[in-house]
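Novice: Supplied in C-alpha cells, the structure appears directly below.
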Amino acid sequence: MSTARANWLTLEGSSFSVDGFSRMWLVATATYGVGDVVTTIAMVYFTTTLTEANPVIRLAIETFGGGGFLGLKLLVLYACIGISLWGGVLDDDPVLFYGPPAVLTVFGVVVTGMNLGLLFG
C-alpha cells in the first residue's frame with residue numbers, strides 16, 4: 001500500500017489546502033445543512049398549509065419524524081464529504097474535491113430561498 005493511500009484522510013502532500021476545504025464545507029453546511037433544515041422544519045412543523053415536496057424526505061419525516069429528516073441530511077453531507085476526500089485527494093481531482101460542497105451550496109441556497117418564499121410569500 002502506498003503512502004498516499006495510507007494517509008488519504010489528510011490533505012498533507014496533496015495539492016489542496018486545509019483552509020480551502022474548511023471554507024467550502026462551512027458554506028455548504030450553512031446553506032444545505034442549516035438553512036434548508038431550519039426552513040423545512042419551520043414549514044413542516046409550524047405551518048398548517050405547507051408540506052415537504054420531496055417524497056423521500058416526506059416519507060422519512062412521516063416514518064421517523066424530525067430524526068429521519070436530519071438522518072437523511074447527515075447521510076448526504078457525509079457521503080459528499082467522503083467523495084470530496086476520497087475521490088478528490090486520492091485522484092488529485094479538483095472537480096471531485098470542490099464539486100460536492102459547491103453543488104450542496106448551490107442546492108442549499110436555492111432550496112432555502114424557495115422555502116423562505118413559501119413561508120413569507
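By convention here, the chains of the C-alpha cells are called A, B, ... in the order presented, each chain's residues are numbered starting at 1, and ligands are numbered starting at 1 in the order presented.
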Could you please write out, as a PyMOL selection string, every residue of segment 36-111 of chain A that DSSP assigns to alpha helix (DSSP H)?

Specialist: chain A and resi 36-46+55-64+66-82+90+94-111

Novice: Can I get the selected residues back with C-alpha atoms, as a short mmCIF file (atom, residue, chain, number, x, y, z; two decimals), in the first residue's frame?

Specialist:
data_model
loop_
_atom_site.label_atom_id
_atom_site.label_comp_id
_atom_site.auth_asym_id
_atom_site.auth_seq_id
_atom_site.Cartn_x
_atom_site.Cartn_y
_atom_site.Cartn_z
CA ASP A 36 -32.57 24.14 4.42
CA VAL A 37 -33.07 22.27 7.69
CA VAL A 38 -34.35 25.30 9.59
CA THR A 39 -36.68 26.48 6.83
CA THR A 40 -38.01 22.96 6.20
CA ILE A 41 -38.69 22.44 9.90
CA ALA A 42 -40.48 25.80 10.02
CA MET A 43 -42.58 24.80 7.02
CA VAL A 44 -43.45 21.30 8.13
CA TYR A 45 -43.95 21.80 11.85
CA PHE A 46 -45.08 25.40 12.23
CA PRO A 55 -41.25 12.40 -1.45
CA VAL A 56 -38.17 10.79 0.13
CA ILE A 57 -37.87 13.50 2.78
CA ARG A 58 -41.62 13.46 3.34
CA LEU A 59 -41.57 9.67 3.89
CA ALA A 60 -38.64 10.00 6.31
CA ILE A 61 -40.50 12.67 8.29
CA GLU A 62 -43.75 10.70 8.32
CA THR A 63 -41.99 7.49 9.34
CA PHE A 64 -39.27 8.69 11.72
CA GLY A 66 -37.54 15.00 12.56
CA GLY A 67 -34.84 12.43 13.29
CA GLY A 68 -35.43 10.76 9.94
CA PHE A 69 -35.14 14.11 8.17
CA LEU A 70 -31.92 15.01 9.97
CA GLY A 71 -30.57 11.49 9.39
CA LEU A 72 -31.04 11.83 5.63
CA LYS A 73 -29.42 15.26 5.63
CA LEU A 74 -26.40 13.91 7.54
CA LEU A 75 -26.17 10.92 5.21
CA VAL A 76 -25.97 13.23 2.19
CA LEU A 77 -23.43 15.51 3.88
CA TYR A 78 -21.19 12.61 4.94
CA ALA A 79 -21.41 10.94 1.53
CA CYS A 80 -20.40 14.19 -0.17
CA ILE A 81 -17.52 14.74 2.27
CA GLY A 82 -16.39 11.18 1.53
CA LEU A 90 -6.62 10.23 -3.90
CA PRO A 94 -10.25 19.32 -8.18
CA VAL A 95 -13.72 18.57 -9.58
CA LEU A 96 -14.24 15.71 -7.13
CA PHE A 97 -12.66 17.73 -4.34
CA TYR A 98 -14.55 21.02 -4.75
CA GLY A 99 -17.61 19.74 -6.63
CA PRO A 100 -19.62 18.17 -3.79
CA PRO A 101 -19.53 21.21 -1.47
CA ALA A 102 -20.19 23.53 -4.41
CA VAL A 103 -23.24 21.51 -5.51
CA LEU A 104 -24.58 21.34 -1.95
CA THR A 105 -24.05 25.09 -1.54
CA VAL A 106 -25.97 25.93 -4.72
CA PHE A 107 -28.71 23.44 -3.86
CA GLY A 108 -28.90 24.77 -0.30
CA VAL A 109 -29.20 28.39 -1.44
CA VAL A 110 -31.93 27.53 -3.97
CA VAL A 111 -33.96 25.34 -1.63
#

Novice: Atom CA of Thr51 of chain A and atom CA of Ala28 of chain A are how many Å apart?

Specialist: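 So the answer is 24.0 Å.
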
Novice: So the first atom is atom CA of Ser14 of chain A and the second is atom CA of Thr29 of chain A; what is the distance between them in Å, to one decimal place?

Specialist: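 Separation between atom CA of Ser14 of chain A and atom CA of Thr29 of chain A: 23.3 Å.
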
Novice: When you draw a straight line from atom CA of Trp25 of chain A to atom CA of Leu118 of chain A, how long is it in Å?

Specialist: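 It comes out at 26.7 Å.
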
Novice: For Gly113 of chain A, which residue out of A:Ser17, A:Thr31, A:Ser22, A:Thr10 is the nearest one, using only C-alpha atoms?

Specialist: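 Distance minimum relative to Gly113 of chain A lands on A:Thr31.
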